[in-house]
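Report on the following structure.
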Protein chains: 2
Amino acid sequence: MARKTKEEANRTRQEIIDAARAVFHHNGVARSTLEQVAAAAGVTRGAVYWHFKNKTELFFAMQADVFVPMRERLDPILFSDDYPNPLQAIEASLREFFLILDECPTLRQVLEIMSLRCENVDQFAQVQKEADRPGDEFLEKLERVYRKAALRGSMRPDLDPAAVARDTWAFATGLLHALLTRGFEAKLKAQVDAMIATHMALRRCPASG
Amino acid sequence: MARKTKEEANRTRQEIIDAARAVFHHNGVARSTLEQVAAAAGVTRGAVYWHFKNKTELFFAMQADVFVPMRERLDPILFSDDYPNPLQAIEASLREFFLILDECPTLRQVLEIMSLRCENVDQFAQVQKEADRPGDEFLEKLERVYRKAALRGSMRPDLDPAAVARDTWAFATGLLHALLTRGFEAKLKAQVDAMIATHMALRRCPASG
DNA sequence: GGACAAACATACACGTCTGTATGTATATTA
DNA sequence: TAATATACATACAGACGTGTATGTTTGTCC
């Protein structure tokens, strides 16, 4: 086929990424063929090999395609200091994260691919580490905010900020994992807000709110 | 090769299962070859195909090989009513689960294979459902015990048993997932008991213990 | 103790996926 | 506007894994 304009080429590249996301999600990464990806994108394997070195590089391009905009949307909220009570900031962060998850199907697909449809081995061994990094950063942030909450007296005085942060971190990880494995079924999705509320209520002083 | 006695044949079968666990864990399920499994077991593919129909059936045999004994060890503790305070029973259950996880490397390997080295698709689509069932049962049990604790007044009176059960469920899921993805690194392992203690302390009456 | 089948090993045919080499038409540039 | 590199499509060779068919030896049963 003929040569295309640079803009058209970039569009082709994006279509290949979109196709890869769909095919990976449907077949799993290992069982997916570059032929299948190419067909789904309406091109041939030649186009795929032109834009990406191999399946591995295509995978990481697909990953970056959704993770970069996600961080840009999540960070300002995570690092906001507008909330009077630090516990509210944590609660809002949790709520926002699961809201984004609910609103953005492509992010959902990529997370599902990473945790359920990709074997973290060999070339993909770093997939898990990439996935862990945001979680690690989240743990550090939680600890800072909980410490602030303890100083202001807006948290149960007998609680250790670092320990409570780890509890929230495990909670968020578990809830995310549950949502991913259950395919975001309505029953569980409807409980997310209540679960966050319960989780945060456990940290507040029971009598004085 | 010659025919072997039935006992020897069963030993061969078990060796193939052990080899499959090692090879799957090292290469991932999809990238593992029955030739690799056979070589690791010291046999040829002929023996593998004699004992198992294909890779899928070998996988599920490997799964049952560790899950059956695990349930037999875990259930009596989960369903015990010996503890005076129901919250103690929950705490002991959590502790025991992560203790088993720490003691049994083969169970650990299989869980890692299921959650990190297997693409839940096609023939393996039911893997996740199998993995979820114990978790679902655990959630039901938690709710019952929390309800008992609420009736006896050994839990913060403002808490809803079902909601708190879901929080503990997400906590356990998240902690398990974290341990699996971090390869049971010492730093995190050392914190497990403290995390469980913190998690349970959140449910008790802060003043009256 | 002979017949039979168990418990494998060996050999083969088949499809399939990958990477690359080559062809080709056109946007871009000097 | 001629030259060149771009953006692909097409073609090809090679490796690899699966499933099955067949061979071989020996435990087991009557």
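Order determines the names: the first chain of the structure tokens is A, the second B, and so forth; residues in each chain are numbered 1 upward, and ligands are numbered 1 upward as they are shown.
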Point to revise | Counting only C-alpha atoms (C1' of nucleotides), chain B residues within 10 Å of chain C, as a PyMOL selection string | key: chain B and resi 1-6+8-9+12+43-51
Practice item. Just list the residues in range 10-183 of chain A DSSP gives helix (DSSP H, G or I) on the backbone, as a PyMOL selection string. Key: chain A and resi 10-27+34-41+45-51+55-78+86-103+105-116+122-152+161-181
Exercise for review: Find the residues in chain A near chain B: any atom within 6 Å counts, using only C-alpha atoms. Write them as a ChimeraX atom specification.
Suggested key: /A:28,116-120,170-171,173-175,202
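We find CA of Gln36 in chain A and CA of Phe24 in chain A to be spaced 9.7 Å apart.
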Exercise for review: Measure the distance from C1' of DT10 in chain D to CA of Arg21 in chain A in Å and round it to one decimal.
Suggested key: 25.8 Å
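If only C-alpha atoms (C1' of nucleotides) are the atoms counted, then among A:Ala38, A:Leu142, A:Val127, A:Leu87 the closest residue to chain D is A:Ala38.
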At a cut-off of 12 Å, using only C-alpha atoms (C1' of nucleotides), what residues contact Asp81 in chain A? Leave out same-chain residues fewer than 4 positions from it and give the result as a compact mmCIF listing (two decimals) with C-alpha atoms, in the first residue's frame.
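Writing done, so here's out-v2.txt:
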# COMPACT_ATOMS: atom_id res chain seq x y z
CA ASP A 75 -2.31 13.04 41.13
CA PRO A 76 -3.86 16.49 41.67
CA ILE A 77 -6.55 14.89 43.81
CA ASN A 85 -10.02 16.90 57.80
CA PRO A 86 -7.21 14.75 56.33
CA LEU A 87 -9.37 11.66 56.64
CA GLN A 88 -11.73 13.26 54.16
CA ALA A 89 -8.88 13.63 51.68
CA ILE A 90 -8.16 9.93 51.92
CA ALA A 92 -12.12 11.36 48.55
CA SER A 93 -9.01 9.83 46.98
CA LYS A 141 0.95 9.25 50.72
CA ARG A 144 1.67 11.10 55.53
CA VAL A 145 -1.98 12.06 55.58
CA LYS A 148 -1.43 14.71 59.78
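We find CA of Val192 in chain A and CA of Arg108 in chain B to be spaced 29.3 Å apart.
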Exercise for review: Could you list, as JSON, numbers by chain, the residues of chain D having an atom within 12 Å of chain A when counting only C-alpha atoms (C1' of nucleotides)?
Suggested key: {"D": [5, 6, 7, 8, 9, 10, 11]}
Saved selection, atoms kept: N, CA and C atoms (P, O5', C5', C4', C3', O3' and C1' of nucleotides), as a CSV table (one decimal), in the first residue's frame:
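The file below, again-v2.csv, is the result:
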chain,number,residue,atom,x,y,z
D,5,DA,P,17.4,7.9,1.9
D,5,DA,O5',16.4,8.0,3.1
D,5,DA,C5',15.9,9.2,3.5
D,5,DA,C4',14.4,9.1,3.8
D,5,DA,C3',14.0,7.9,4.7
D,5,DA,O3',13.1,8.4,5.7
D,5,DA,C1',12.8,7.8,2.8
D,6,DT,P,12.8,7.6,7.0
D,6,DT,O5',11.2,7.5,7.0
D,6,DT,C5',10.4,8.7,6.6
D,6,DT,C4',9.1,8.3,6.1
D,6,DT,C3',8.3,7.3,6.9
D,6,DT,O3',7.0,7.8,7.1
D,6,DT,C1',8.3,6.6,4.7
D,7,DA,P,6.1,7.5,8.4
D,7,DA,O5',5.1,6.4,7.9
D,7,DA,C5',4.2,6.8,6.9
D,7,DA,C4',3.6,5.5,6.3
D,7,DA,C3',3.2,4.4,7.3
D,7,DA,O3',1.9,4.0,7.0
D,7,DA,C1',4.4,3.5,5.6
D,8,DC,P,1.0,3.2,8.2
D,8,DC,O5',1.8,1.8,8.3
D,8,DC,C5',1.1,0.6,7.9
D,8,DC,C4',1.3,0.4,6.4
D,8,DC,C3',1.0,-1.0,5.9
D,8,DC,O3',-0.3,-1.2,5.6
D,8,DC,C1',3.0,-0.1,4.8
D,9,DA,P,-1.0,-2.7,5.7
D,9,DA,O5',-0.5,-3.4,4.4
D,9,DA,C5',-0.9,-2.9,3.1
D,9,DA,C4',-0.4,-3.8,2.0
D,9,DA,C3',-0.8,-5.3,2.1
D,9,DA,O3',-1.1,-5.9,0.9
D,9,DA,C1',1.6,-5.1,2.1
D,10,DT,P,-1.7,-7.4,0.8
D,10,DT,O5',-0.4,-8.2,0.4
D,10,DT,C5',0.5,-7.7,-0.7
D,10,DT,C4',1.7,-8.6,-0.9
D,10,DT,C3',1.4,-10.1,-0.7
D,10,DT,O3',1.9,-10.8,-1.8
D,10,DT,C1',3.3,-9.5,0.6
D,11,DA,P,1.6,-12.4,-2.0
D,11,DA,O5',3.1,-13.0,-1.7
D,11,DA,C5',4.3,-12.2,-2.1
D,11,DA,C4',5.5,-12.9,-1.7
D,11,DA,C3',5.4,-14.4,-1.5
D,11,DA,O3',6.6,-15.0,-2.1
D,11,DA,C1',6.1,-13.5,0.5
Practice item. Excluding Ala20 in chain A and residues on its chain fewer than 5 positions from it, collect all residues at most 12 Å away from it, counting only C-alpha atoms (C1' of nucleotides), and give them as JSON, numbers by chain. Key: {"A": [13, 14, 15, 25, 26, 27, 28, 29, 30, 32, 33, 34, 35, 36, 37, 38, 39, 40, 41, 42, 48, 52, 54, 55, 56, 57, 58, 59, 60, 61, 62, 63, 65, 106, 109, 110, 113]}
